[in-house]
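The file work23.cif contains mmCIF, N, CA and C atoms:
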data_query
loop_
_atom_site.label_atom_id
_atom_site.label_comp_id
_atom_site.auth_asym_id
_atom_site.auth_seq_id
_atom_site.Cartn_x
_atom_site.Cartn_y
_atom_site.Cartn_z
N MET Z 6 0.82 -1.19 0.00
CA MET Z 6 0.00 0.00 0.00
C MET Z 6 0.86 1.26 0.00
N ASP Z 7 1.99 1.21 0.72
CA ASP Z 7 2.88 2.37 0.76
C ASP Z 7 3.52 2.62 -0.60
N CYS Z 8 3.78 1.55 -1.35
CA CYS Z 8 4.37 1.71 -2.68
C CYS Z 8 3.42 2.47 -3.60
N GLY Z 9 2.15 2.16 -3.54
CA GLY Z 9 1.17 2.86 -4.36
C GLY Z 9 1.07 4.33 -4.00
N ARG Z 10 1.15 4.63 -2.74
CA ARG Z 10 1.07 6.02 -2.30
C ARG Z 10 2.30 6.79 -2.78
N SER Z 11 3.47 6.19 -2.68
CA SER Z 11 4.68 6.90 -3.10
C SER Z 11 4.69 7.14 -4.61
N ILE Z 12 4.11 6.22 -5.37
CA ILE Z 12 4.03 6.41 -6.82
C ILE Z 12 3.13 7.59 -7.14
N VAL Z 13 2.01 7.70 -6.45
CA VAL Z 13 1.09 8.81 -6.67
C VAL Z 13 1.75 10.13 -6.28
N GLU Z 14 2.47 10.11 -5.15
CA GLU Z 14 3.16 11.33 -4.72
C GLU Z 14 4.24 11.73 -5.72
N LYS Z 15 4.95 10.77 -6.26
CA LYS Z 15 5.96 11.07 -7.27
C LYS Z 15 5.33 11.66 -8.53
N GLU Z 16 4.21 11.09 -8.93
CA GLU Z 16 3.51 11.59 -10.11
C GLU Z 16 3.04 13.03 -9.90
N LEU Z 17 2.50 13.32 -8.71
CA LEU Z 17 2.06 14.68 -8.41
C LEU Z 17 3.23 15.65 -8.41
N THR Z 18 4.36 15.22 -7.87
CA THR Z 18 5.55 16.06 -7.85
C THR Z 18 6.04 16.34 -9.26
N MET Z 19 6.05 15.32 -10.11
CA MET Z 19 6.47 15.51 -11.50
C MET Z 19 5.52 16.44 -12.23
N ASN Z 20 4.22 16.31 -11.96
CA ASN Z 20 3.22 17.17 -12.60
C ASN Z 20 3.41 18.62 -12.17
N LYS Z 21 3.69 18.84 -10.88
CA LYS Z 21 3.93 20.21 -10.40
C LYS Z 21 5.15 20.80 -11.07
N GLY Z 22 6.20 19.99 -11.20
CA GLY Z 22 7.41 20.47 -11.85
C GLY Z 22 7.17 20.85 -13.30
N ARG Z 23 6.43 20.02 -14.01
CA ARG Z 23 6.11 20.32 -15.41
C ARG Z 23 5.27 21.58 -15.52
N THR Z 24 4.32 21.74 -14.61
CA THR Z 24 3.46 22.92 -14.63
C THR Z 24 4.28 24.18 -14.39
N LEU Z 25 5.18 24.13 -13.40
CA LEU Z 25 6.02 25.30 -13.12
C LEU Z 25 6.95 25.62 -14.28
N LEU Z 26 7.53 24.60 -14.89
CA LEU Z 26 8.41 24.82 -16.03
C LEU Z 26 7.64 25.43 -17.20
N PHE Z 27 6.47 24.90 -17.48
CA PHE Z 27 5.64 25.42 -18.56
C PHE Z 27 5.26 26.88 -18.28
N GLY Z 28 4.87 27.18 -17.05
CA GLY Z 28 4.51 28.55 -16.69
C GLY Z 28 5.68 29.51 -16.82
N ALA Z 29 6.86 29.06 -16.40
CA ALA Z 29 8.06 29.90 -16.51
C ALA Z 29 8.40 30.17 -17.97
N LEU Z 30 8.31 29.15 -18.81
CA LEU Z 30 8.60 29.34 -20.23
C LEU Z 30 7.59 30.26 -20.90
N MET Z 31 6.33 30.09 -20.55
CA MET Z 31 5.29 30.96 -21.13
C MET Z 31 5.46 32.40 -20.66
N GLY Z 32 5.83 32.58 -19.40
CA GLY Z 32 6.07 33.93 -18.89
C GLY Z 32 7.25 34.60 -19.57
N ALA Z 33 8.31 33.84 -19.78
CA ALA Z 33 9.49 34.39 -20.46
C ALA Z 33 9.15 34.74 -21.91
N PHE Z 34 8.41 33.88 -22.58
CA PHE Z 34 8.02 34.13 -23.96
C PHE Z 34 7.12 35.36 -24.05
N THR Z 35 6.17 35.47 -23.14
CA THR Z 35 5.26 36.62 -23.14
C THR Z 35 6.02 37.91 -22.85
N GLY Z 36 6.96 37.87 -21.91
CA GLY Z 36 7.77 39.04 -21.61
C GLY Z 36 8.62 39.47 -22.80
N LEU Z 37 9.16 38.50 -23.51
CA LEU Z 37 9.96 38.80 -24.70
C LEU Z 37 9.10 39.49 -25.77
N ILE Z 38 7.93 38.98 -26.00
CA ILE Z 38 7.03 39.59 -26.98
C ILE Z 38 6.65 41.00 -26.55
N ALA Z 39 6.37 41.20 -25.26
CA ALA Z 39 6.01 42.53 -24.76
C ALA Z 39 7.16 43.51 -24.96
N ALA Z 40 8.39 43.07 -24.68
CA ALA Z 40 9.55 43.94 -24.87
C ALA Z 40 9.73 44.29 -26.34
N MET Z 41 9.52 43.33 -27.21
CA MET Z 41 9.64 43.60 -28.65
C MET Z 41 8.60 44.62 -29.09
N LEU Z 42 7.37 44.51 -28.58
CA LEU Z 42 6.33 45.46 -28.94
C LEU Z 42 6.65 46.86 -28.42
N LEU Z 43 7.19 46.94 -27.19
CA LEU Z 43 7.58 48.25 -26.66
C LEU Z 43 8.69 48.88 -27.48
N ASN Z 44 9.67 48.07 -27.87
CA ASN Z 44 10.75 48.59 -28.71
C ASN Z 44 10.24 49.05 -30.06
N ARG Z 45 9.32 48.29 -30.64
CA ARG Z 45 8.76 48.68 -31.94
C ARG Z 45 8.03 50.02 -31.82
N ARG Z 46 7.26 50.17 -30.72
CA ARG Z 46 6.53 51.43 -30.52
C ARG Z 46 7.50 52.59 -30.35
N ALA Z 47 8.59 52.36 -29.60
CA ALA Z 47 9.58 53.41 -29.37
C ALA Z 47 10.27 53.80 -30.69
N GLU Z 48 10.59 52.82 -31.51
CA GLU Z 48 11.23 53.12 -32.80
C GLU Z 48 10.28 53.89 -33.71
N LYS Z 49 9.01 53.52 -33.67
CA LYS Z 49 8.02 54.19 -34.52
C LYS Z 49 7.86 55.65 -34.11
N ASN Z 50 7.84 55.90 -32.81
CA ASN Z 50 7.64 57.27 -32.30
C ASN Z 50 8.97 58.00 -32.10
N GLU Z 51 10.10 57.32 -32.35
CA GLU Z 51 11.44 57.87 -32.17
C GLU Z 51 11.62 58.41 -30.76
N LYS Z 52 11.24 57.61 -29.76
CA LYS Z 52 11.36 57.98 -28.35
C LYS Z 52 12.01 56.83 -27.59
N ASP Z 53 12.25 57.05 -26.29
CA ASP Z 53 12.75 55.98 -25.43
C ASP Z 53 11.65 54.96 -25.18
N THR Z 54 12.04 53.81 -24.62
CA THR Z 54 11.07 52.73 -24.40
C THR Z 54 10.36 52.83 -23.06
N ALA Z 55 10.51 53.92 -22.34
CA ALA Z 55 9.91 54.04 -21.01
C ALA Z 55 8.38 54.06 -21.08
N LEU Z 56 7.78 53.43 -20.09
CA LEU Z 56 6.33 53.47 -19.94
C LEU Z 56 5.95 54.65 -19.06
N THR Z 57 4.83 55.26 -19.33
CA THR Z 57 4.34 56.30 -18.42
C THR Z 57 3.70 55.63 -17.21
N ALA Z 58 3.46 56.41 -16.18
CA ALA Z 58 2.83 55.86 -14.97
C ALA Z 58 1.45 55.31 -15.28
N GLY Z 59 0.71 55.98 -16.12
CA GLY Z 59 -0.63 55.52 -16.48
C GLY Z 59 -0.59 54.21 -17.26
N GLU Z 60 0.36 54.09 -18.17
CA GLU Z 60 0.50 52.85 -18.93
C GLU Z 60 0.92 51.70 -18.02
N GLY Z 61 1.81 51.99 -17.09
CA GLY Z 61 2.24 50.96 -16.14
C GLY Z 61 1.10 50.49 -15.27
N LEU Z 62 0.26 51.41 -14.82
CA LEU Z 62 -0.90 51.06 -14.01
C LEU Z 62 -1.89 50.22 -14.80
N LYS Z 63 -2.16 50.60 -16.04
CA LYS Z 63 -3.07 49.82 -16.89
C LYS Z 63 -2.53 48.41 -17.11
N LEU Z 64 -1.25 48.32 -17.37
CA LEU Z 64 -0.62 47.02 -17.60
C LEU Z 64 -0.69 46.16 -16.34
N GLY Z 65 -0.45 46.75 -15.18
CA GLY Z 65 -0.53 46.02 -13.93
C GLY Z 65 -1.91 45.48 -13.66
N VAL Z 66 -2.93 46.28 -13.91
CA VAL Z 66 -4.31 45.85 -13.71
C VAL Z 66 -4.67 44.72 -14.67
N LEU Z 67 -4.23 44.83 -15.91
CA LEU Z 67 -4.49 43.77 -16.88
C LEU Z 67 -3.81 42.46 -16.49
N VAL Z 68 -2.56 42.53 -16.05
CA VAL Z 68 -1.83 41.33 -15.64
C VAL Z 68 -2.49 40.70 -14.42
N PHE Z 69 -2.91 41.52 -13.45
CA PHE Z 69 -3.58 41.00 -12.28
C PHE Z 69 -4.88 40.29 -12.67
N GLY Z 70 -5.65 40.88 -13.58
CA GLY Z 70 -6.88 40.25 -14.05
C GLY Z 70 -6.61 38.94 -14.76
N LEU Z 71 -5.54 38.89 -15.54
CA LEU Z 71 -5.16 37.65 -16.21
C LEU Z 71 -4.80 36.57 -15.20
N LEU Z 72 -4.04 36.92 -14.18
CA LEU Z 72 -3.67 35.94 -13.16
C LEU Z 72 -4.89 35.44 -12.39
N ARG Z 73 -5.84 36.31 -12.12
CA ARG Z 73 -7.07 35.87 -11.45
C ARG Z 73 -7.85 34.90 -12.35
N ALA Z 74 -7.89 35.19 -13.64
CA ALA Z 74 -8.59 34.30 -14.58
C ALA Z 74 -7.91 32.94 -14.64
N ILE Z 75 -6.58 32.93 -14.66
CA ILE Z 75 -5.85 31.65 -14.70
C ILE Z 75 -6.09 30.88 -13.41
N ALA Z 76 -6.09 31.57 -12.27
CA ALA Z 76 -6.29 30.89 -10.99
C ALA Z 76 -7.68 30.27 -10.89
N SER Z 77 -8.65 30.83 -11.57
CA SER Z 77 -10.02 30.31 -11.48
C SER Z 77 -10.35 29.29 -12.55
N LEU Z 78 -9.39 28.88 -13.37
CA LEU Z 78 -9.66 27.92 -14.44
C LEU Z 78 -10.20 26.60 -13.94
N GLY Z 79 -9.71 26.10 -12.84
CA GLY Z 79 -10.13 24.79 -12.36
C GLY Z 79 -11.35 24.83 -11.46
N ASP Z 80 -11.86 26.00 -11.14
CA ASP Z 80 -13.01 26.12 -10.25
C ASP Z 80 -14.29 25.66 -10.96
N GLU Z 81 -15.08 24.89 -10.26
CA GLU Z 81 -16.37 24.48 -10.81
C GLU Z 81 -17.47 25.22 -10.10
N LYS Z 82 -18.38 25.75 -10.87
CA LYS Z 82 -19.51 26.52 -10.28
C LYS Z 82 -20.81 26.03 -10.84
#

Is it possible to express this structure as structure tokens?
Amino acid sequence: MDCGRSIVEKELTMNKGRTLLFGALMGAFTGLIAAMLLNRRAEKNEKDTALTAGEGLKLGVLVFGLLRAIASLGDEK
């Protein structure tokens, strides 16, 4: 019985690791795309790549909303 439990625990640990790795890769990819878009906008407007306070606040609210949506994916209602 203990062998079966340890196999399940190992599987859960492997699944958590895969999920974290996938999330980290997706976050890095998304950040890279965002940086490329900011650079493109700066080149188009011939300005620096700095965000204004208002743009930063909008981006923060959007990211927070996205994280809440991801956290609620498994919820059943």

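You will find atom C of Val68 of chain Z at 25.8 Å from atom N of Lys49 of chain Z.
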
Next item on the list: Mind the document's chain letters and residue numbers, and return as an MDAnalysis selection string the residues of chain Z that DSSP labels alpha helix (DSSP H).
Entry: chainID Z and resid 7:50 58:76

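Between atom CA of Asp80 of chain Z and atom CA of Met19 of chain Z the interatomic distance comes to 22.2 Å.
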
Notebook entry, point to check: What is the distance between atom CA of Leu42 of chain Z and atom C of Thr54 of chain Z, in Å to one decimal?
Noted result: 10.3 Å

I need chain Z written out with C-alpha atoms, as a PDB file, in the first residue's frame; please produce it.
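Writing done, so here's part-v9.pdb:
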ATOM      1  CA  MET Z   6       0.000   0.000   0.000  1.00  0.00           C
ATOM      2  CA  ASP Z   7       2.879   2.366   0.757  1.00  0.00           C
ATOM      3  CA  CYS Z   8       4.370   1.712  -2.683  1.00  0.00           C
ATOM      4  CA  GLY Z   9       1.165   2.864  -4.361  1.00  0.00           C
ATOM      5  CA  ARG Z  10       1.074   6.018  -2.305  1.00  0.00           C
ATOM      6  CA  SER Z  11       4.677   6.905  -3.098  1.00  0.00           C
ATOM      7  CA  ILE Z  12       4.032   6.414  -6.822  1.00  0.00           C
ATOM      8  CA  VAL Z  13       1.090   8.815  -6.669  1.00  0.00           C
ATOM      9  CA  GLU Z  14       3.159  11.327  -4.720  1.00  0.00           C
ATOM     10  CA  LYS Z  15       5.962  11.070  -7.272  1.00  0.00           C
ATOM     11  CA  GLU Z  16       3.507  11.594 -10.115  1.00  0.00           C
ATOM     12  CA  LEU Z  17       2.057  14.680  -8.415  1.00  0.00           C
ATOM     13  CA  THR Z  18       5.549  16.065  -7.849  1.00  0.00           C
ATOM     14  CA  MET Z  19       6.472  15.508 -11.497  1.00  0.00           C
ATOM     15  CA  ASN Z  20       3.218  17.166 -12.596  1.00  0.00           C
ATOM     16  CA  LYS Z  21       3.930  20.206 -10.395  1.00  0.00           C
ATOM     17  CA  GLY Z  22       7.408  20.473 -11.850  1.00  0.00           C
ATOM     18  CA  ARG Z  23       6.112  20.321 -15.412  1.00  0.00           C
ATOM     19  CA  THR Z  24       3.461  22.921 -14.633  1.00  0.00           C
ATOM     20  CA  LEU Z  25       6.021  25.298 -13.121  1.00  0.00           C
ATOM     21  CA  LEU Z  26       8.409  24.822 -16.032  1.00  0.00           C
ATOM     22  CA  PHE Z  27       5.639  25.424 -18.561  1.00  0.00           C
ATOM     23  CA  GLY Z  28       4.510  28.550 -16.689  1.00  0.00           C
ATOM     24  CA  ALA Z  29       8.056  29.899 -16.510  1.00  0.00           C
ATOM     25  CA  LEU Z  30       8.605  29.340 -20.229  1.00  0.00           C
ATOM     26  CA  MET Z  31       5.291  30.958 -21.127  1.00  0.00           C
ATOM     27  CA  GLY Z  32       6.069  33.931 -18.887  1.00  0.00           C
ATOM     28  CA  ALA Z  33       9.489  34.388 -20.465  1.00  0.00           C
ATOM     29  CA  PHE Z  34       8.019  34.128 -23.964  1.00  0.00           C
ATOM     30  CA  THR Z  35       5.260  36.617 -23.136  1.00  0.00           C
ATOM     31  CA  GLY Z  36       7.770  39.039 -21.612  1.00  0.00           C
ATOM     32  CA  LEU Z  37       9.960  38.803 -24.704  1.00  0.00           C
ATOM     33  CA  ILE Z  38       7.026  39.589 -26.985  1.00  0.00           C
ATOM     34  CA  ALA Z  39       6.010  42.532 -24.757  1.00  0.00           C
ATOM     35  CA  ALA Z  40       9.551  43.937 -24.868  1.00  0.00           C
ATOM     36  CA  MET Z  41       9.641  43.598 -28.648  1.00  0.00           C
ATOM     37  CA  LEU Z  42       6.329  45.464 -28.938  1.00  0.00           C
ATOM     38  CA  LEU Z  43       7.579  48.246 -26.655  1.00  0.00           C
ATOM     39  CA  ASN Z  44      10.752  48.588 -28.707  1.00  0.00           C
ATOM     40  CA  ARG Z  45       8.759  48.685 -31.937  1.00  0.00           C
ATOM     41  CA  ARG Z  46       6.532  51.430 -30.520  1.00  0.00           C
ATOM     42  CA  ALA Z  47       9.578  53.412 -29.374  1.00  0.00           C
ATOM     43  CA  GLU Z  48      11.231  53.121 -32.797  1.00  0.00           C
ATOM     44  CA  LYS Z  49       8.019  54.192 -34.519  1.00  0.00           C
ATOM     45  CA  ASN Z  50       7.644  57.266 -32.296  1.00  0.00           C
ATOM     46  CA  GLU Z  51      11.436  57.872 -32.173  1.00  0.00           C
ATOM     47  CA  LYS Z  52      11.362  57.976 -28.352  1.00  0.00           C
ATOM     48  CA  ASP Z  53      12.750  55.983 -25.428  1.00  0.00           C
ATOM     49  CA  THR Z  54      11.071  52.732 -24.403  1.00  0.00           C
ATOM     50  CA  ALA Z  55       9.914  54.041 -21.012  1.00  0.00           C
ATOM     51  CA  LEU Z  56       6.328  53.470 -19.941  1.00  0.00           C
ATOM     52  CA  THR Z  57       4.338  56.295 -18.423  1.00  0.00           C
ATOM     53  CA  ALA Z  58       2.835  55.864 -14.968  1.00  0.00           C
ATOM     54  CA  GLY Z  59      -0.630  55.522 -16.484  1.00  0.00           C
ATOM     55  CA  GLU Z  60       0.499  52.851 -18.928  1.00  0.00           C
ATOM     56  CA  GLY Z  61       2.239  50.959 -16.141  1.00  0.00           C
ATOM     57  CA  LEU Z  62      -0.896  51.060 -14.008  1.00  0.00           C
ATOM     58  CA  LYS Z  63      -3.069  49.822 -16.891  1.00  0.00           C
ATOM     59  CA  LEU Z  64      -0.624  47.020 -17.601  1.00  0.00           C
ATOM     60  CA  GLY Z  65      -0.527  46.016 -13.926  1.00  0.00           C
ATOM     61  CA  VAL Z  66      -4.315  45.847 -13.708  1.00  0.00           C
ATOM     62  CA  LEU Z  67      -4.487  43.770 -16.884  1.00  0.00           C
ATOM     63  CA  VAL Z  68      -1.831  41.328 -15.640  1.00  0.00           C
ATOM     64  CA  PHE Z  69      -3.583  40.998 -12.277  1.00  0.00           C
ATOM     65  CA  GLY Z  70      -6.880  40.253 -14.054  1.00  0.00           C
ATOM     66  CA  LEU Z  71      -5.162  37.653 -16.215  1.00  0.00           C
ATOM     67  CA  LEU Z  72      -3.669  35.944 -13.155  1.00  0.00           C
ATOM     68  CA  ARG Z  73      -7.074  35.867 -11.454  1.00  0.00           C
ATOM     69  CA  ALA Z  74      -8.594  34.299 -14.578  1.00  0.00           C
ATOM     70  CA  ILE Z  75      -5.850  31.655 -14.697  1.00  0.00           C
ATOM     71  CA  ALA Z  76      -6.295  30.890 -10.986  1.00  0.00           C
ATOM     72  CA  SER Z  77     -10.025  30.315 -11.480  1.00  0.00           C
ATOM     73  CA  LEU Z  78      -9.658  27.921 -14.442  1.00  0.00           C
ATOM     74  CA  GLY Z  79     -10.129  24.793 -12.359  1.00  0.00           C
ATOM     75  CA  ASP Z  80     -13.008  26.120 -10.249  1.00  0.00           C
ATOM     76  CA  GLU Z  81     -16.371  24.477 -10.810  1.00  0.00           C
ATOM     77  CA  LYS Z  82     -19.507  26.516 -10.279  1.00  0.00           C
TER      78      LYS Z  82
END
